[in-house]
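S.K.: Sending over query_25.txt (compact mmCIF, C-alpha atoms).
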# COMPACT_ATOMS: atom_id res chain seq x y z
CA MET B 142 -24.84 -14.21 -20.10
CA PRO B 143 -24.23 -17.67 -18.64
CA ASP B 144 -27.03 -19.45 -16.85
CA GLU B 145 -25.67 -19.63 -13.31
CA GLN B 146 -28.09 -22.38 -12.32
CA ASN B 147 -26.71 -24.57 -15.09
CA THR B 148 -23.00 -23.75 -14.95
CA GLY B 149 -22.39 -22.91 -11.29
CA GLY B 150 -19.21 -21.15 -12.36
CA ARG B 151 -18.10 -18.41 -9.97
CA VAL B 152 -15.01 -16.69 -8.60
CA VAL B 153 -14.23 -16.67 -4.88
CA LEU B 154 -11.66 -14.19 -3.57
CA ALA B 155 -10.21 -15.86 -0.48
CA GLY B 156 -8.46 -13.76 2.16
CA ALA B 157 -5.31 -15.46 3.47
CA PRO B 158 -3.50 -14.80 6.76
CA LEU B 159 -0.87 -12.05 6.68
CA GLY B 160 1.51 -14.25 8.62
CA ASN B 161 -0.24 -15.82 11.59
CA VAL B 162 -2.01 -18.95 10.41
CA GLY B 163 -4.36 -18.67 13.38
CA ASP B 164 -6.09 -15.82 11.56
CA ALA B 165 -7.38 -18.16 8.83
CA SER B 166 -11.15 -18.30 8.70
CA ALA B 167 -13.31 -21.42 8.57
CA ARG B 168 -14.51 -20.25 5.16
CA LEU B 169 -10.95 -20.13 3.85
CA ARG B 170 -10.55 -23.77 4.85
CA ASP B 171 -13.79 -24.65 3.07
CA VAL B 172 -12.74 -22.80 -0.07
CA LEU B 173 -9.34 -24.51 -0.20
CA THR B 174 -10.91 -27.96 0.09
CA SER B 175 -13.90 -27.43 -2.22
CA ALA B 176 -12.77 -25.16 -5.08
CA ASP B 177 -12.38 -26.79 -8.47
CA VAL B 178 -9.50 -24.49 -9.41
CA ILE B 179 -7.26 -22.45 -7.12
CA ALA B 180 -5.35 -19.57 -8.71
CA ALA B 181 -2.49 -18.98 -6.29
CA GLU B 182 0.02 -16.11 -6.28
CA ASP B 183 2.65 -18.61 -5.12
CA THR B 184 1.81 -22.31 -5.38
CA ARG B 185 4.49 -23.24 -2.84
CA ARG B 186 3.06 -20.88 -0.25
CA LEU B 187 -0.40 -22.27 -0.93
CA ALA B 188 0.90 -25.79 -0.27
CA ARG B 189 2.50 -24.64 2.98
CA LEU B 190 -0.70 -22.85 4.04
CA ALA B 191 -2.75 -25.98 3.37
CA ARG B 192 -0.33 -28.05 5.46
CA ASP B 193 -0.45 -25.55 8.30
CA LEU B 194 -4.25 -25.59 8.23
CA GLY B 195 -4.40 -29.38 8.02
CA VAL B 196 -6.54 -29.34 4.87
CA THR B 197 -6.25 -31.18 1.57
CA VAL B 198 -6.47 -29.19 -1.67
CA ARG B 199 -8.40 -31.35 -4.12
CA GLY B 200 -8.84 -28.88 -6.97
CA ARG B 201 -6.42 -28.01 -9.75
CA VAL B 202 -3.80 -25.48 -8.64
CA VAL B 203 -2.43 -22.92 -11.10
CA SER B 204 -0.06 -20.01 -10.58
CA TYR B 205 -1.62 -16.55 -10.90
CA PHE B 206 0.67 -13.62 -10.26
CA GLU B 207 1.58 -10.24 -11.68
CA GLY B 208 3.37 -11.21 -14.85
CA ASN B 209 1.23 -14.13 -15.96
CA ASP B 210 -2.25 -12.92 -14.96
CA GLU B 211 -3.01 -11.45 -18.39
CA ARG B 212 -2.21 -14.76 -20.07
CA ARG B 213 -3.85 -16.92 -17.41
CA THR B 214 -7.14 -15.03 -17.09
CA PRO B 215 -8.80 -16.37 -20.29
CA GLU B 216 -8.00 -19.92 -19.15
CA LEU B 217 -9.72 -19.26 -15.83
CA VAL B 218 -12.76 -17.78 -17.55
CA GLU B 219 -12.96 -20.97 -19.63
CA ALA B 220 -13.01 -22.92 -16.35
CA LEU B 221 -15.90 -20.77 -15.19
CA ALA B 222 -17.75 -21.59 -18.41
CA SER B 223 -17.45 -25.29 -17.57
CA GLY B 224 -19.05 -24.69 -14.18
CA ALA B 225 -15.90 -24.52 -12.06
CA VAL B 226 -15.58 -22.64 -8.80
CA VAL B 227 -12.35 -20.68 -9.16
CA ALA B 228 -10.71 -19.47 -5.94
CA VAL B 229 -8.04 -16.75 -5.92
CA VAL B 230 -5.50 -16.85 -3.06
CA THR B 231 -2.56 -14.48 -2.60
CA ASP B 232 0.48 -14.77 -0.33
CA GLY B 233 -1.43 -12.84 2.34
CA GLY B 234 -4.40 -10.52 2.61
CA MET B 235 -7.26 -9.96 0.19
CA PRO B 236 -6.78 -10.69 -3.51
CA SER B 237 -7.02 -7.73 -5.93
CA VAL B 238 -5.85 -5.19 -3.30
CA SER B 239 -2.39 -4.42 -4.73
CA ASP B 240 -2.26 -8.15 -5.47
CA PRO B 241 -3.42 -10.43 -8.31
CA GLY B 242 -7.18 -10.77 -8.71
CA TYR B 243 -8.55 -7.59 -10.24
CA ARG B 244 -8.03 -8.73 -13.83
CA LEU B 245 -9.97 -11.97 -13.23
CA VAL B 246 -12.72 -10.16 -11.33
CA ARG B 247 -13.22 -7.78 -14.23
CA ALA B 248 -13.13 -10.56 -16.84
CA ALA B 249 -15.57 -12.73 -14.89
CA LEU B 250 -18.03 -9.89 -14.40
CA ASP B 251 -17.79 -8.90 -18.08
CA ALA B 252 -18.55 -12.51 -19.01
CA GLY B 253 -21.52 -12.61 -16.65
CA TYR B 254 -20.14 -14.86 -13.92
CA PRO B 255 -20.67 -14.03 -10.24
CA VAL B 256 -17.81 -13.01 -7.96
CA THR B 257 -17.92 -13.40 -4.20
CA ALA B 258 -15.44 -13.38 -1.32
CA ALA B 259 -14.41 -15.32 1.73
CA PRO B 260 -13.14 -12.18 3.49
CA GLY B 261 -9.96 -12.28 5.47
CA PRO B 262 -7.13 -10.19 6.88
CA SER B 263 -5.98 -7.00 5.18
CA ALA B 264 -2.68 -5.26 5.84
CA VAL B 265 -4.32 -1.94 4.92
CA THR B 266 -6.98 -1.91 7.63
CA THR B 267 -4.79 -3.72 10.17
CA ALA B 268 -2.03 -1.11 9.91
CA LEU B 269 -4.56 1.72 9.93
CA ALA B 270 -6.11 0.43 13.14
CA LEU B 271 -2.72 -0.02 14.83
CA SER B 272 -1.24 3.30 13.70
CA GLY B 273 -2.97 5.47 16.28
CA LEU B 274 -3.84 7.92 13.48
CA PRO B 275 -7.36 9.03 12.46
CA SER B 276 -9.10 6.15 10.71
CA ASP B 277 -12.55 7.56 9.97
CA ARG B 278 -11.44 8.66 6.48
CA PHE B 279 -8.39 7.29 4.67
CA VAL B 280 -6.83 6.82 1.24
CA PHE B 281 -4.98 3.70 0.12
CA GLU B 282 -2.19 4.56 -2.33
CA GLY B 283 -0.57 1.15 -2.79
CA PHE B 284 3.13 1.32 -3.68
CA LEU B 285 4.79 4.65 -4.42
CA PRO B 286 6.86 4.88 -7.63
CA ARG B 287 10.25 3.20 -7.40
CA SER B 288 12.14 6.09 -8.99
CA GLY B 289 13.15 8.76 -6.48
CA SER B 290 12.10 11.66 -8.70
CA ASN B 291 8.74 10.07 -9.53
CA ARG B 292 8.19 9.24 -5.87
CA ARG B 293 8.81 12.84 -4.84
CA THR B 294 6.45 14.08 -7.54
CA ARG B 295 3.70 11.79 -6.25
CA LEU B 296 4.32 12.83 -2.65
CA ARG B 297 4.06 16.50 -3.61
CA GLU B 298 0.69 15.71 -5.19
CA LEU B 299 -0.43 14.10 -1.92
CA ALA B 300 1.04 16.62 0.54
CA ALA B 301 -2.22 18.52 0.97
CA GLU B 302 -4.45 15.41 1.20
CA PRO B 303 -6.45 15.78 4.45
CA ARG B 304 -7.28 12.09 4.85
CA THR B 305 -4.95 9.55 6.45
CA LEU B 306 -2.75 7.90 3.82
CA VAL B 307 -1.83 4.22 3.65
CA PHE B 308 1.03 2.90 1.49
CA PHE B 309 2.80 -0.38 0.89
CA GLU B 310 6.58 -0.11 0.70
CA ALA B 311 9.56 -2.39 0.12
CA PRO B 312 12.05 -2.62 3.01
CA HIS B 313 15.01 -1.47 0.89
CA ARG B 314 13.13 1.69 -0.11
CA ILE B 315 11.59 2.71 3.22
CA ALA B 316 14.53 4.94 4.27
CA GLY B 317 14.40 6.92 1.03
CA THR B 318 10.62 7.16 1.17
CA MET B 319 10.65 8.45 4.75
CA THR B 320 13.38 11.00 3.91
CA ASP B 321 11.34 12.29 0.97
CA LEU B 322 8.18 12.30 3.06
CA ALA B 323 9.82 14.33 5.83
CA ALA B 324 11.12 16.84 3.32
CA ILE B 325 7.82 17.25 1.46
CA PHE B 326 5.16 16.64 4.14
CA GLY B 327 7.15 18.20 6.96
CA ALA B 328 9.47 16.74 9.56
CA ASP B 329 6.75 16.51 12.21
CA ARG B 330 3.99 14.90 10.10
CA PRO B 331 2.83 11.93 12.23
CA ALA B 332 3.31 8.49 10.69
CA ALA B 333 3.56 4.82 11.58
CA VAL B 334 5.76 2.18 9.96
CA CYS B 335 4.06 -1.19 10.42
CA ARG B 336 6.43 -4.09 9.79
CA GLU B 337 5.72 -7.84 9.64
CA LEU B 338 2.10 -7.49 10.76
CA THR B 339 0.76 -10.46 12.81
CA LYS B 340 4.11 -12.26 12.52
CA THR B 341 6.61 -13.19 15.22
CA TYR B 342 8.69 -10.03 14.76
CA GLU B 343 5.83 -7.58 14.30
CA GLU B 344 6.97 -4.02 14.90
CA ILE B 345 5.07 -0.73 14.86
CA ARG B 346 7.19 2.44 14.83
CA ARG B 347 5.25 5.65 15.43
CA GLY B 348 6.58 9.20 15.31
CA GLY B 349 7.22 12.22 13.14
CA ALA B 350 8.35 11.67 9.56
CA ALA B 351 11.91 12.89 10.21
CA GLU B 352 12.25 10.70 13.31
CA LEU B 353 11.13 7.65 11.35
CA ALA B 354 13.45 8.56 8.48
CA GLU B 355 16.37 8.62 10.93
CA TRP B 356 15.34 5.23 12.34
CA ALA B 357 14.98 3.67 8.88
CA GLY B 358 18.38 5.00 7.83
CA THR B 359 20.32 3.59 10.80
CA GLY B 360 20.05 -0.08 9.93
CA GLU B 361 18.64 -2.70 7.59
CA VAL B 362 14.85 -2.80 7.76
CA ARG B 363 13.39 -6.18 6.87
CA GLY B 364 9.99 -7.66 6.17
CA GLU B 365 6.76 -6.50 4.60
CA ILE B 366 5.91 -2.88 5.39
CA THR B 367 2.69 -0.91 5.50
CA LEU B 368 3.15 2.82 6.03
CA VAL B 369 0.41 5.01 7.52
CA VAL B 370 0.72 8.81 7.38
CA ALA B 371 -1.51 11.46 8.95
CA GLY B 372 -3.39 13.73 6.57
CA ALA B 373 -2.51 17.37 6.12
CA PRO B 374 -3.84 19.83 8.70
CA ALA B 375 -7.00 21.61 7.57
CA GLY B 376 -6.25 24.85 5.72
CA PRO B 377 -2.95 26.73 5.53
CA ALA B 378 -1.22 27.51 8.79
CA ILE B 379 -0.82 31.07 10.03
CA ARG B 380 2.00 32.71 8.10
CA PRO B 381 5.18 32.91 10.17
CA ASP B 382 7.56 35.82 9.85
CA ASP B 383 10.27 35.84 7.19
CA GLY B 384 12.94 34.50 9.54
CA GLU B 385 10.78 31.53 10.49
CA LEU B 386 10.07 30.83 6.83
CA ARG B 387 13.82 30.73 6.14
CA GLU B 388 14.31 28.37 9.08
CA GLU B 389 11.52 26.07 7.86
CA VAL B 390 13.08 25.86 4.40
CA ALA B 391 16.46 25.15 6.02
CA ARG B 392 14.95 22.38 8.16
CA ARG B 393 13.46 20.69 5.12
CA GLU B 394 16.77 20.94 3.27
CA ALA B 395 18.53 19.39 6.27
CA ALA B 396 16.00 16.55 6.15
CA GLY B 397 17.05 15.79 2.58
CA ALA B 398 14.87 17.98 0.35
CA SER B 399 16.33 20.01 -2.47
CA ARG B 400 16.01 23.77 -1.97
CA ARG B 401 13.46 23.88 -4.78
CA ASP B 402 11.30 21.20 -3.15
CA ALA B 403 11.71 22.75 0.30
CA ILE B 404 10.55 26.15 -0.95
CA GLN B 405 7.58 24.61 -2.76
CA ALA B 406 6.55 22.61 0.32
CA VAL B 407 6.75 25.63 2.64
CA ALA B 408 4.76 27.72 0.16
CA ASP B 409 2.09 24.98 0.04
CA ASP B 410 1.97 24.70 3.83
CA TYR B 411 1.23 28.38 4.33
CA GLY B 412 -0.80 29.13 1.20
CA LEU B 413 1.94 31.35 -0.26
CA ARG B 414 3.25 31.77 -3.75
CA LYS B 415 6.46 29.89 -4.44
CA ARG B 416 8.08 33.09 -5.77
CA GLU B 417 7.36 34.87 -2.48
CA VAL B 418 9.13 32.19 -0.42
CA TYR B 419 11.98 32.05 -2.96
CA THR B 420 12.55 35.78 -2.63
CA ILE B 421 12.55 35.62 1.18
CA VAL B 422 15.06 32.74 1.22
CA HIS B 423 17.42 34.45 -1.20
CA THR B 424 17.23 37.95 0.27
CA PRO B 425 20.33 38.72 2.38
CA VAL B 426 19.52 39.15 6.06
Render the structure in this file as structure tokens.
M.R.:
Amino acid sequence: MPDEQNTGGRVVLAGAPLGNVGDASARLRDVLTSADVIAAEDTRRLARLARDLGVTVRGRVVSYFEGNDERRTPELVEALASGAVVAVVTDGGMPSVSDPGYRLVRAALDAGYPVTAAPGPSAVTTALALSGLPSDRFVFEGFLPRSGSNRRTRLRELAAEPRTLVFFEAPHRIAGTMTDLAAIFGADRPAAVCRELTKTYEEIRRGGAAELAEWAGTGEVRGEITLVVAGAPAGPAIRPDDGELREEVARREAAGASRRDAIQAVADDYGLRKREVYTIVHTPV
């Protein structure tokens, strides 16, 4: 294990503003001016951030993003061995939270070097606080799978999760995600789409999953998105009569679910066997 008193090498995870430069902390300014090496997700954005903050970056700047982090990490550990303070800065928010940083944190700790943070904004907790949904217990799921079938499989796995769920999503996928969510979680499951947090065109859309799916499908949604979804109600709901079960399956199909997925979701909601709901749906009235 390195002798910290001799080497001084350490990693600093520096939280960057999500969009409003006024959210930058005094510690972030200190880190940018004093670090020996700055591993930046985007070196151009780092340069712009430094200009906006009126600070001069004196350390060596290297790119560190998903795609080169595996190759770059050993180089950064070597810098730690020489006594360097290595700062990690992403495009916005806290490093290593669905952003570069985790690999270096793990490598530094394994090599015996300390890791600390200059905490800053986080899209996860900001969106959670603004959503109007319960925030005492929540789960951060990062990005859902890009493939529609894989995304629906993951949503089915999460449909019964009682804690509030937080996701990141790309703007060109939000309509499909909300359609799948309405079909699997239920049209009325409360949710909030948080777009461009802290920026000039910040927008928070709150409503049921189907309502938000309709909104997302009516036009081009732009910007960075954090999606917050209410957890599942505690325990299965009281079983409705057969006619109401048929109507619920039909509503989910109308929202975009396949009949198979709609039947499975309704069975899960009411603690029924899938075969029971299938038989009800396919029995002539």
S.K.: Of the candidates B:Ala398, B:Ala408, B:Leu194, B:Val238, which shows the shortest atom-to-atom distance to Glu282 of chain B, using all atoms listed in the file?
M.R.: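 Nearest to Glu282 of chain B: B:Val238.
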S.K.: Can you list, as a PyMOL selection string, every protein, DNA or RNA residue that comes within 12 Å of Arg213 of chain B when you count only C-alpha atoms, leaving out same-chain residues fewer than 6 positions away?
M.R.: chain B and resi 180-182+203-207+219-220+241-242+244-245+248
S.K.: Taking into account only C-alpha atoms, which residue in the set B:Gly364, B:Pro374, B:Gly349, B:Gly163 is nearest to Pro303 of chain B?
M.R.: B:Pro374
S.K.: Which is closest to Leu173 of chain B among B:Ala333, B:Ala311, B:Ala371, B:Val229, if we use only C-alpha atoms?
M.R.: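 Selected residue with least distance to Leu173 of chain B: B:Val229.
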S.K.: In terms of the shortest atom-to-atom distance over all atoms listed in the file, which of B:Arg336, B:Arg295, B:Arg416, B:Arg199 is closest to Phe309 of chain B?
M.R.: B:Arg336
S.K.: Can you tell me, as a PyMOL selection string, what residues are no more than 6 Å from Ala316 of chain B when counting all atoms listed in the file, ignoring any on the same chain fewer than 6 positions away?
M.R.: chain B and resi 354+357-358
S.K.: Enter the distance from atom CA of Asp171 of chain B to atom CA of Ala155 of chain B, in Å, rounded to one decimal.
M.R.: 10.1 Å
S.K.: Under the rule that all atoms listed in the file are counted, which of B:Ala396, B:Leu386, B:Ala332, B:Val280 is the nearest residue to Tyr419 of chain B?
M.R.: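 Selected residue with least distance to Tyr419 of chain B: B:Leu386.
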S.K.: Would you mind completing segment 254-270 of chain B so that it carries N, CA and C atoms, and writing it out as a PDB file, in the coordinates of the input?
M.R.:
ATOM      1  N   TYR B 254     -20.261 -13.899 -15.012  1.00  0.00           N
ATOM      2  CA  TYR B 254     -20.140 -14.860 -13.920  1.00  0.00           C
ATOM      3  C   TYR B 254     -20.072 -14.123 -12.583  1.00  0.00           C
ATOM      4  N   PRO B 255     -20.670 -14.704 -11.539  1.00  0.00           N
ATOM      5  CA  PRO B 255     -20.670 -14.030 -10.240  1.00  0.00           C
ATOM      6  C   PRO B 255     -19.303 -14.095  -9.556  1.00  0.00           C
ATOM      7  N   VAL B 256     -19.048 -13.085  -8.750  1.00  0.00           N
ATOM      8  CA  VAL B 256     -17.810 -13.010  -7.960  1.00  0.00           C
ATOM      9  C   VAL B 256     -18.197 -12.778  -6.512  1.00  0.00           C
ATOM     10  N   THR B 257     -17.643 -13.573  -5.623  1.00  0.00           N
ATOM     11  CA  THR B 257     -17.920 -13.400  -4.200  1.00  0.00           C
ATOM     12  C   THR B 257     -16.599 -13.471  -3.447  1.00  0.00           C
ATOM     13  N   ALA B 258     -16.668 -13.396  -2.126  1.00  0.00           N
ATOM     14  CA  ALA B 258     -15.440 -13.380  -1.320  1.00  0.00           C
ATOM     15  C   ALA B 258     -15.617 -14.187  -0.049  1.00  0.00           C
ATOM     16  N   ALA B 259     -14.533 -14.787   0.383  1.00  0.00           N
ATOM     17  CA  ALA B 259     -14.410 -15.320   1.730  1.00  0.00           C
ATOM     18  C   ALA B 259     -13.460 -14.356   2.432  1.00  0.00           C
ATOM     19  N   PRO B 260     -13.986 -13.281   3.020  1.00  0.00           N
ATOM     20  CA  PRO B 260     -13.140 -12.180   3.490  1.00  0.00           C
ATOM     21  C   PRO B 260     -12.129 -12.638   4.524  1.00  0.00           C
ATOM     22  N   GLY B 261     -11.016 -11.943   4.520  1.00  0.00           N
ATOM     23  CA  GLY B 261      -9.960 -12.280   5.470  1.00  0.00           C
ATOM     24  C   GLY B 261      -9.137 -11.068   5.830  1.00  0.00           C
ATOM     25  N   PRO B 262      -7.979 -11.288   6.412  1.00  0.00           N
ATOM     26  CA  PRO B 262      -7.130 -10.190   6.880  1.00  0.00           C
ATOM     27  C   PRO B 262      -6.725  -9.252   5.744  1.00  0.00           C
ATOM     28  N   SER B 263      -6.472  -8.006   6.117  1.00  0.00           N
ATOM     29  CA  SER B 263      -5.980  -7.000   5.180  1.00  0.00           C
ATOM     30  C   SER B 263      -4.917  -6.172   5.866  1.00  0.00           C
ATOM     31  N   ALA B 264      -3.750  -6.067   5.256  1.00  0.00           N
ATOM     32  CA  ALA B 264      -2.680  -5.260   5.840  1.00  0.00           C
ATOM     33  C   ALA B 264      -3.069  -3.790   5.901  1.00  0.00           C
ATOM     34  N   VAL B 265      -3.915  -3.351   4.960  1.00  0.00           N
ATOM     35  CA  VAL B 265      -4.320  -1.940   4.920  1.00  0.00           C
ATOM     36  C   VAL B 265      -5.074  -1.566   6.185  1.00  0.00           C
ATOM     37  N   THR B 266      -6.150  -2.265   6.467  1.00  0.00           N
ATOM     38  CA  THR B 266      -6.980  -1.910   7.630  1.00  0.00           C
ATOM     39  C   THR B 266      -6.304  -2.287   8.944  1.00  0.00           C
ATOM     40  N   THR B 267      -5.490  -3.338   8.941  1.00  0.00           N
ATOM     41  CA  THR B 267      -4.790  -3.720  10.170  1.00  0.00           C
ATOM     42  C   THR B 267      -3.798  -2.631  10.572  1.00  0.00           C
ATOM     43  N   ALA B 268      -2.993  -2.169   9.608  1.00  0.00           N
ATOM     44  CA  ALA B 268      -2.030  -1.110   9.910  1.00  0.00           C
ATOM     45  C   ALA B 268      -2.727   0.177  10.301  1.00  0.00           C
ATOM     46  N   LEU B 269      -3.799   0.507   9.610  1.00  0.00           N
ATOM     47  CA  LEU B 269      -4.560   1.720   9.930  1.00  0.00           C
ATOM     48  C   LEU B 269      -5.045   1.683  11.366  1.00  0.00           C
ATOM     49  N   ALA B 270      -5.591   0.545  11.781  1.00  0.00           N
ATOM     50  CA  ALA B 270      -6.110   0.430  13.140  1.00  0.00           C
ATOM     51  C   ALA B 270      -5.008   0.521  14.186  1.00  0.00           C
TER      52      ALA B 270
END
